[in-house]
Protein chains: 2
Amino acid sequence: MHAEDIAEEFPTVGVDADALDAVRLLADNRLPAVVVVDESGKPFTVLLAAQVLHGLVPGYVRDDPSLAGVLTESMADQITSKFAAKTVRELLSDEPPELPEVQHDDTLVEVAAAISASRLPLAVVRGCALPVGVITASRLLERALSTS
Amino acid sequence: MHAEDIAEEFPTVGVDADALDAVRLLADNRLPAVVVVDESGKPFTVLLAAQVLHGLVPGYVRDDPSLAGVLTESMADQITSKFAAKTVRELLSDEPPELPEVQHDDTLVEVAAAISASRLPLAVVRGCALPVGVITASRLLERALSTS
């Protein structure tokens, strides 16, 4: 079994798309992350739901969550006021984590190696038939167990 | 809206359970993480699917994924041979990340603050009706957007 046999389509968002579109994509799909593609459509990093929350909460509240009570806006208002007119690029950290890549004919062990060498729980598959084919860590475990 | 209104049940595994049971739970639910509970049933950390892969791949292959070809066992065999007769405790890192906690009557902003102060994309909700109630980052975004 090779990477292309277990790759799945994955939601993507352009780095210059509206930040709110990325937040909706995460929310609607209930995903911990979406793949971010560059101007040419090439996947290069992910935007994590946790990172979005990080951007919503002021630093002094992150340091002391008991101060959250001083924020009078609702979460919905926080999202609207912080992310209106922003792009996905502005939600990414200064050094967004590099997306691990595997080739379509790599073995599952090679995929596991690529994922575990990175800080992200997924790898993008190059050269497979899907527009953006991804293998998550749990997908890999699922397919490995189903063949045992 | 408060934490208990958006908390959801979440798969858990005991710290002394078989490692393979935890791997199956991750695989069957296609989850990036399951919650780990201690001997008294109290949630205290998570086991990440990516961490499981990390445990499967030898250090020298993580350092240089091109060496994955030297591993002659399939992923399924790797899982069986590495995790047989091990417990969940042995899959956890030496200092497993602390699970953020919120109270059932905390606001969504307080939940966002707790999650974004941690390295994990979810918080456990104390005092809600569910056995183990959890709010993930994407669940929080979903509910926040649906009320805007």
# chains A, B, ... in the order shown; residues from 1 in each chain; ligands from 1
$ residues_around --residues "Leu120 (chain B)" --least-positions-apart "4" --cutoff "8 Å" --atoms "only C-alpha atoms" --output "PyMOL selection string"
(chain A and resi 50) or (chain B and resi 97+99-100+115-116)
$ interface_residues --of "chain A" --to "chain B" --cutoff "7 Å" --atoms "only C-alpha atoms" --output "ChimeraX atom specification"
/A:26-28,30-32,49-50,53-54,57,61-63,65,68,74-76,108-110,112-114,116-117,121,137-139,141-142,144-145,147-148
$ residues_around --residues "Val35 (chain A)" --least-positions-apart "6" --cutoff "7 Å" --atoms "only C-alpha atoms" --output "ChimeraX atom specification"
/A:11-13,43,45-47
$ atom_distance --atom1 "CA of Val125 (chain B)" --atom2 "CA of Glu39 (chain B)"
18.8 Å
$ atom_distance --atom1 "CA of Val36 (chain A)" --atom2 "CA of Val132 (chain A)"
10.5 Å
$ select_by_dssp --residues "chain B" --states "alpha helix (DSSP H)" --output "JSON, numbers by chain"
{"B": [3, 4, 5, 6, 19, 20, 21, 22, 23, 24, 25, 26, 27, 28, 29, 49, 50, 51, 52, 53, 54, 55, 56, 59, 60, 61, 62, 63, 75, 76, 77, 78, 79, 80, 81, 82, 83, 88, 89, 90, 91, 108, 109, 110, 111, 112, 113, 114, 115, 116, 117, 137, 138, 139, 140, 141, 142, 143, 144, 145, 146]}
$ select_by_dssp --residues "region 24-129 of chain A" --states "strand (DSSP E)" --output "PyMOL selection string"
chain A and resi 33-37+43-48+101-103+122-126
$ write_last_selection --atoms "N, CA and C atoms" --output "CSV table (one decimal), in the first residue's frame"
chain,number,residue,atom,x,y,z
A,33,ALA,N,-7.4,21.8,11.8
A,33,ALA,CA,-6.5,22.6,10.9
A,33,ALA,C,-7.1,22.5,9.5
A,34,VAL,N,-6.8,23.6,8.8
A,34,VAL,CA,-6.9,23.5,7.3
A,34,VAL,C,-5.6,23.8,6.6
A,35,VAL,N,-5.4,23.3,5.4
A,35,VAL,CA,-4.2,23.5,4.7
A,35,VAL,C,-4.2,24.8,4.0
A,36,VAL,N,-3.1,25.5,4.1
A,36,VAL,CA,-3.0,26.9,3.4
A,36,VAL,C,-2.1,26.7,2.2
A,37,VAL,N,-2.7,27.2,1.1
A,37,VAL,CA,-2.0,27.1,-0.2
A,37,VAL,C,-1.5,28.5,-0.6
A,43,PRO,N,0.3,23.8,-1.6
A,43,PRO,CA,0.1,23.7,-0.1
A,43,PRO,C,1.5,24.0,0.6
A,44,PHE,N,1.5,24.8,1.6
A,44,PHE,CA,2.8,25.1,2.2
A,44,PHE,C,2.7,25.1,3.8
A,45,THR,N,1.6,25.2,4.3
A,45,THR,CA,1.5,25.2,5.8
A,45,THR,C,0.1,24.9,6.2
A,46,VAL,N,-0.2,24.9,7.5
A,46,VAL,CA,-1.6,24.7,7.9
A,46,VAL,C,-2.0,25.9,8.9
A,47,LEU,N,-3.3,26.2,8.9
A,47,LEU,CA,-3.8,27.1,9.9
A,47,LEU,C,-4.5,26.3,10.9
A,48,LEU,N,-4.1,26.4,12.2
A,48,LEU,CA,-4.7,25.6,13.3
A,48,LEU,C,-5.8,26.3,13.9
A,101,GLU,N,5.9,16.7,3.3
A,101,GLU,CA,5.5,16.2,2.0
A,101,GLU,C,6.0,14.7,1.8
A,102,VAL,N,5.1,13.9,1.2
A,102,VAL,CA,5.5,12.6,0.8
A,102,VAL,C,5.2,12.5,-0.7
A,103,GLN,N,5.8,11.5,-1.4
A,103,GLN,CA,5.5,11.2,-2.8
A,103,GLN,C,4.4,10.1,-2.9
A,122,LEU,N,-0.1,15.8,10.0
A,122,LEU,CA,-0.5,15.4,8.6
A,122,LEU,C,0.6,15.6,7.6
A,123,ALA,N,0.5,14.9,6.5
A,123,ALA,CA,1.4,15.2,5.4
A,123,ALA,C,0.6,15.4,4.1
A,124,VAL,N,1.2,16.1,3.2
A,124,VAL,CA,0.6,16.3,1.9
A,124,VAL,C,1.2,15.4,0.9
A,125,VAL,N,0.4,14.8,0.0
A,125,VAL,CA,0.9,13.8,-0.9
A,125,VAL,C,1.1,14.4,-2.3
A,126,ARG,N,2.3,14.4,-2.8
A,126,ARG,CA,2.7,14.9,-4.1
A,126,ARG,C,2.4,13.9,-5.2
$ atom_distance --atom1 "CA of Ile135 (chain A)" --atom2 "CA of Asp18 (chain A)"
25.8 Å
$ closest_residue --among "B:Ala129, B:Arg89, B:Asp105, B:Asp94" --to "Ala19 (chain B)" --atoms "only C-alpha atoms"
B:Arg89
